[in-house]
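Asker: Below is a structure I'd like to ask you about.
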Amino acid sequence: MLVVALLGVAGCDTSHKITGSIKLSQSDMVQNDLGTCSGTGGYADISDGTEVVVKNEAGTILGKGGLRWDGDDAVVNECVWTFEIPGVADAPFYELEIGRRDAPTYSRAEMEASGWTVDLTIGD
């Protein structure tokens with residue numbers, strides 16, 4: 001199950017910094033060892049450094065970044081990574097690809113309303 005929460009305040013620039021996070025929150029999805037956190041099984045494509053690609057409605061790449069683990073190894077059944085993609089050009093729609101995950105798509109209005117922040121959760 002994929003739960004999407006958009007948070008933030010509107011902006012007016014013609015280029016944007018998209019920030020966000022992705023959380024895996026089920027014990028059968030994650031391997032959280034001291035100093036590392038990664039997805040397992042069907043989620044093994046999600047780990048530190050996994051590429052995050054932003055495309056417009058035509059599939060043109062507008063920016064790239066990578067996942068960074070938050071470093072919290074105290075939560076055994078959960079991994080949270082953040083990302084930041086600066087300099088993303090204006091577009092009517094934005095598609096975010098994270099690893100081989102299905103790419104959620106957001107309108108420009110949704111991105112403005114969220115303050116250009118996207119937080120994704122996979123699992124419970």
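Following the order of the structure tokens, first chain is A, next is B, and so on, with residues numbered from 1 inside each chain and ligands from 1 in the order they appear.
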Quick one: residues within 12 Å of Ile61 in chain A, only C-alpha atoms counted, chain neighbours fewer than 2 positions away excluded, as a short mmCIF file (atom, residue, chain, number, x, y, z; two decimals) with N, CA and C atoms, in the first residue's frame?
Answerer:
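Output file part-v1.cif is given in full below:
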```cif
data_model
loop_
_atom_site.label_atom_id
_atom_site.label_comp_id
_atom_site.auth_asym_id
_atom_site.auth_seq_id
_atom_site.Cartn_x
_atom_site.Cartn_y
_atom_site.Cartn_z
N VAL A 52 16.53 9.17 -7.59
CA VAL A 52 15.20 9.78 -7.65
C VAL A 52 15.20 10.67 -8.88
N VAL A 53 14.26 10.43 -9.79
CA VAL A 53 14.20 11.17 -11.05
C VAL A 53 12.86 11.89 -11.14
N VAL A 54 12.90 13.18 -11.47
CA VAL A 54 11.68 13.96 -11.69
C VAL A 54 11.54 14.18 -13.19
N LYS A 55 10.36 13.82 -13.72
CA LYS A 55 10.06 14.01 -15.14
C LYS A 55 8.80 14.85 -15.29
N ASN A 56 8.66 15.50 -16.45
CA ASN A 56 7.41 16.21 -16.72
C ASN A 56 6.42 15.27 -17.39
N GLU A 57 5.28 15.80 -17.81
CA GLU A 57 4.21 14.98 -18.39
C GLU A 57 4.61 14.32 -19.70
N ALA A 58 5.65 14.84 -20.38
CA ALA A 58 6.13 14.26 -21.64
C ALA A 58 7.25 13.24 -21.41
N GLY A 59 7.65 13.04 -20.15
CA GLY A 59 8.71 12.10 -19.84
C GLY A 59 10.11 12.71 -19.89
N GLY A 63 15.12 16.73 -13.39
CA GLY A 63 16.10 16.74 -12.32
C GLY A 63 16.31 15.35 -11.75
N LYS A 64 17.45 15.17 -11.07
CA LYS A 64 17.79 13.90 -10.44
C LYS A 64 18.39 14.15 -9.08
N GLY A 65 18.22 13.19 -8.21
CA GLY A 65 18.83 13.21 -6.90
C GLY A 65 18.99 11.79 -6.42
N ILE A 85 16.00 17.65 -4.71
CA ILE A 85 16.31 17.85 -6.13
C ILE A 85 16.12 19.33 -6.44
N GLY A 87 16.55 23.00 -8.62
CA GLY A 87 16.56 23.47 -10.01
C GLY A 87 15.57 22.80 -10.94
N VAL A 88 14.46 22.29 -10.42
CA VAL A 88 13.45 21.62 -11.24
C VAL A 88 12.59 22.69 -11.93
N ALA A 89 12.53 22.64 -13.26
CA ALA A 89 11.80 23.63 -14.05
C ALA A 89 10.29 23.49 -13.88
N ASP A 90 9.59 24.57 -14.15
CA ASP A 90 8.13 24.57 -14.14
C ASP A 90 7.59 23.57 -15.15
N ALA A 91 6.51 22.90 -14.78
CA ALA A 91 5.83 21.96 -15.68
C ALA A 91 4.39 21.81 -15.19
N PHE A 93 2.84 18.97 -14.87
CA PHE A 93 2.80 17.77 -14.03
C PHE A 93 4.22 17.30 -13.74
N TYR A 94 4.39 16.65 -12.59
CA TYR A 94 5.68 16.12 -12.15
C TYR A 94 5.51 14.66 -11.78
N GLU A 95 6.37 13.82 -12.33
CA GLU A 95 6.37 12.39 -12.04
C GLU A 95 7.66 12.08 -11.29
N LEU A 96 7.56 11.41 -10.15
CA LEU A 96 8.74 11.07 -9.35
C LEU A 96 9.00 9.57 -9.41
N GLU A 97 10.14 9.20 -9.99
CA GLU A 97 10.54 7.80 -10.02
C GLU A 97 11.58 7.57 -8.93
#
```
Asker: Please provide as an MDAnalysis selection string all residues within 8 Å of Ile46 in chain A, with the sequence filter that same-chain residues fewer than 4 positions apart are discarded (counting only C-alpha atoms).
Answerer: chainID A and resid 38:39 50 98:99
Asker: Using DSSP on the backbone coordinates, identify all residues within range 12-102 of chain A classified as strand (DSSP E); present the result as a ChimeraX atom specification.
Answerer: /A:15-25,30-33,36-39,51-55,61-66,68-69,79-89,93-98
Asker: What does the file look like for those residues with N, CA and C atoms, as a tab-separated table (two decimals), in the first residue's frame?
Answerer:
```tsv
chain	number	residue	atom	x	y	z
A	15	SER	N	11.85	27.88	-11.11
A	15	SER	CA	12.52	26.61	-10.83
A	15	SER	C	12.31	26.33	-9.35
A	16	HIS	N	12.31	25.06	-9.03
A	16	HIS	CA	11.89	24.65	-7.70
A	16	HIS	C	12.85	23.62	-7.14
A	17	LYS	N	12.92	23.56	-5.82
A	17	LYS	CA	13.63	22.49	-5.14
A	17	LYS	C	12.57	21.55	-4.59
A	18	ILE	N	12.57	20.32	-5.10
A	18	ILE	CA	11.64	19.31	-4.61
A	18	ILE	C	12.35	18.51	-3.54
A	19	THR	N	11.74	18.43	-2.39
A	19	THR	CA	12.28	17.65	-1.28
A	19	THR	C	11.25	16.60	-0.89
A	20	GLY	N	11.70	15.60	-0.15
A	20	GLY	CA	10.75	14.61	0.30
A	20	GLY	C	11.40	13.46	1.01
A	21	SER	N	10.59	12.45	1.25
A	21	SER	CA	11.05	11.26	1.94
A	21	SER	C	10.28	10.05	1.45
A	22	ILE	N	10.89	8.90	1.67
A	22	ILE	CA	10.20	7.63	1.45
A	22	ILE	C	10.48	6.76	2.65
A	23	LYS	N	9.42	6.14	3.16
A	23	LYS	CA	9.54	5.30	4.35
A	23	LYS	C	9.04	3.90	4.04
A	24	LEU	N	9.84	2.91	4.37
A	24	LEU	CA	9.41	1.51	4.37
A	24	LEU	C	9.12	1.17	5.82
A	25	SER	N	7.92	0.67	6.08
A	25	SER	CA	7.54	0.52	7.50
A	25	SER	C	6.91	-0.83	7.81
A	30	VAL	N	12.26	-4.44	5.31
A	30	VAL	CA	13.49	-3.71	5.62
A	30	VAL	C	14.53	-4.58	6.30
A	31	GLN	N	15.77	-4.19	6.10
A	31	GLN	CA	16.88	-4.72	6.88
A	31	GLN	C	17.55	-3.51	7.51
A	32	ASN	N	17.41	-3.38	8.80
A	32	ASN	CA	17.95	-2.23	9.53
A	32	ASN	C	19.00	-2.75	10.49
A	33	ASP	N	20.27	-2.69	10.05
A	33	ASP	CA	21.40	-3.09	10.87
A	33	ASP	C	22.09	-1.84	11.37
A	36	THR	N	23.36	0.78	8.70
A	36	THR	CA	22.78	0.67	7.36
A	36	THR	C	21.29	0.39	7.45
A	37	CYS	N	20.59	0.72	6.39
A	37	CYS	CA	19.17	0.43	6.30
A	37	CYS	C	18.87	0.23	4.82
A	38	SER	N	18.17	-0.84	4.49
A	38	SER	CA	17.85	-1.08	3.08
A	38	SER	C	16.56	-1.87	2.98
A	39	GLY	N	15.94	-1.77	1.79
A	39	GLY	CA	14.77	-2.58	1.52
A	39	GLY	C	15.20	-4.01	1.24
A	51	GLU	N	18.48	6.26	-6.97
A	51	GLU	CA	18.21	7.45	-7.77
A	51	GLU	C	16.74	7.87	-7.69
A	52	VAL	N	16.53	9.17	-7.59
A	52	VAL	CA	15.20	9.78	-7.65
A	52	VAL	C	15.20	10.67	-8.88
A	53	VAL	N	14.26	10.43	-9.79
A	53	VAL	CA	14.20	11.17	-11.05
A	53	VAL	C	12.86	11.89	-11.14
A	54	VAL	N	12.90	13.18	-11.47
A	54	VAL	CA	11.68	13.96	-11.69
A	54	VAL	C	11.54	14.18	-13.19
A	55	LYS	N	10.36	13.82	-13.72
A	55	LYS	CA	10.06	14.01	-15.14
A	55	LYS	C	8.80	14.85	-15.29
A	61	ILE	N	13.27	14.46	-18.45
A	61	ILE	CA	13.87	14.53	-17.12
A	61	ILE	C	14.11	15.99	-16.75
A	62	LEU	N	13.58	16.39	-15.59
A	62	LEU	CA	13.71	17.75	-15.09
A	62	LEU	C	14.76	17.85	-13.98
A	63	GLY	N	15.12	16.73	-13.39
A	63	GLY	CA	16.10	16.74	-12.32
A	63	GLY	C	16.31	15.35	-11.75
A	64	LYS	N	17.45	15.17	-11.07
A	64	LYS	CA	17.79	13.90	-10.44
A	64	LYS	C	18.39	14.15	-9.08
A	65	GLY	N	18.22	13.19	-8.21
A	65	GLY	CA	18.83	13.21	-6.90
A	65	GLY	C	18.99	11.79	-6.42
A	66	GLY	N	19.29	11.63	-5.15
A	66	GLY	CA	19.46	10.29	-4.58
A	66	GLY	C	18.90	10.24	-3.18
A	68	ARG	N	18.92	9.50	0.75
A	68	ARG	CA	19.86	9.53	1.88
A	68	ARG	C	19.13	8.97	3.10
A	69	TRP	N	19.72	7.95	3.70
A	69	TRP	CA	19.14	7.36	4.90
A	69	TRP	C	19.27	8.34	6.05
A	79	CYS	N	12.66	2.03	7.79
A	79	CYS	CA	13.75	2.80	7.21
A	79	CYS	C	13.14	4.04	6.57
A	80	VAL	N	13.78	5.20	6.77
A	80	VAL	CA	13.32	6.45	6.17
A	80	VAL	C	14.50	7.08	5.45
A	81	TRP	N	14.29	7.42	4.19
A	81	TRP	CA	15.30	8.11	3.39
A	81	TRP	C	14.71	9.45	2.96
A	82	THR	N	15.57	10.44	2.79
A	82	THR	CA	15.14	11.74	2.29
A	82	THR	C	15.81	11.99	0.95
A	83	PHE	N	15.28	12.97	0.22
A	83	PHE	CA	15.89	13.38	-1.04
A	83	PHE	C	15.65	14.86	-1.26
A	84	GLU	N	16.49	15.45	-2.10
A	84	GLU	CA	16.40	16.86	-2.45
A	84	GLU	C	16.85	17.00	-3.90
A	85	ILE	N	16.00	17.65	-4.71
A	85	ILE	CA	16.31	17.85	-6.13
A	85	ILE	C	16.12	19.33	-6.44
A	86	PRO	N	17.22	20.09	-6.51
A	86	PRO	CA	17.13	21.53	-6.80
A	86	PRO	C	17.02	21.80	-8.29
A	87	GLY	N	16.55	23.00	-8.62
A	87	GLY	CA	16.56	23.47	-10.01
A	87	GLY	C	15.57	22.80	-10.94
A	88	VAL	N	14.46	22.29	-10.42
A	88	VAL	CA	13.45	21.62	-11.24
A	88	VAL	C	12.59	22.69	-11.93
A	89	ALA	N	12.53	22.64	-13.26
A	89	ALA	CA	11.80	23.63	-14.05
A	89	ALA	C	10.29	23.49	-13.88
A	93	PHE	N	2.84	18.97	-14.87
A	93	PHE	CA	2.80	17.77	-14.03
A	93	PHE	C	4.22	17.30	-13.74
A	94	TYR	N	4.39	16.65	-12.59
A	94	TYR	CA	5.68	16.12	-12.15
A	94	TYR	C	5.51	14.66	-11.78
A	95	GLU	N	6.37	13.82	-12.33
A	95	GLU	CA	6.37	12.39	-12.04
A	95	GLU	C	7.66	12.08	-11.29
A	96	LEU	N	7.56	11.41	-10.15
A	96	LEU	CA	8.74	11.07	-9.35
A	96	LEU	C	9.00	9.57	-9.41
A	97	GLU	N	10.14	9.20	-9.99
A	97	GLU	CA	10.54	7.80	-10.02
A	97	GLU	C	11.58	7.57	-8.93
A	98	ILE	N	11.33	6.59	-8.08
A	98	ILE	CA	12.27	6.24	-7.03
A	98	ILE	C	12.59	4.77	-7.20
```
Asker: Write out as a list in words each polymer residue whose atoms come within 9 Å of Ser27 in chain A, counting only C-alpha atoms; drop sequence neighbours fewer than 4 positions from it.
Answerer: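 The residues that qualify are Gln31, Val76, Asn77 and Glu78 of chain A.
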Asker: Please indicate the distance in Å from CA of Pro92 in chain A to CA of Leu120 in chain A, rounded to one decimal place.
Answerer: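 Here the two named atoms are 20.9 Å from each other.
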Asker: What does the structure give for the distance between CA of Glu112 in chain A and CA of Asp48 in chain A, in Å to one decimal?
Answerer: 27.3 Å
Asker: Would you please give, as a PyMOL selection string, all residues of range 60-114 of chain A that DSSP assigns to helix (DSSP H, G or I) based on the backbone?
Answerer: chain A and resi 108-113
Asker: Just to be explicit: take each residue in the selection above, keep C-alpha atoms, and write the result as a compact mmCIF listing (two decimals), in the first residue's frame.
Answerer:
```
# COMPACT_ATOMS: atom_id res chain seq x y z
CA ARG A 108 1.86 21.83 -10.44
CA ALA A 109 -0.98 23.02 -8.17
CA GLU A 110 -0.50 20.00 -5.87
CA MET A 111 3.25 20.62 -5.72
CA GLU A 112 2.71 24.31 -4.91
CA ALA A 113 0.20 23.43 -2.19
```
Asker: Between A:Asp102, A:Tyr43, A:Ser107, A:Thr14, single out the one closest to Asp28 in chain A, counting only C-alpha atoms.
Answerer: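 Smallest distance to Asp28 in chain A is found for A:Tyr43.
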Asker: Please report the interatomic distance between CA of Gln26 in chain A and CA of Gly49 in chain A in Å with one decimal.
Answerer: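 Spanning CA of Gln26 in chain A to CA of Gly49 in chain A is a straight-line distance of 20.6 Å.
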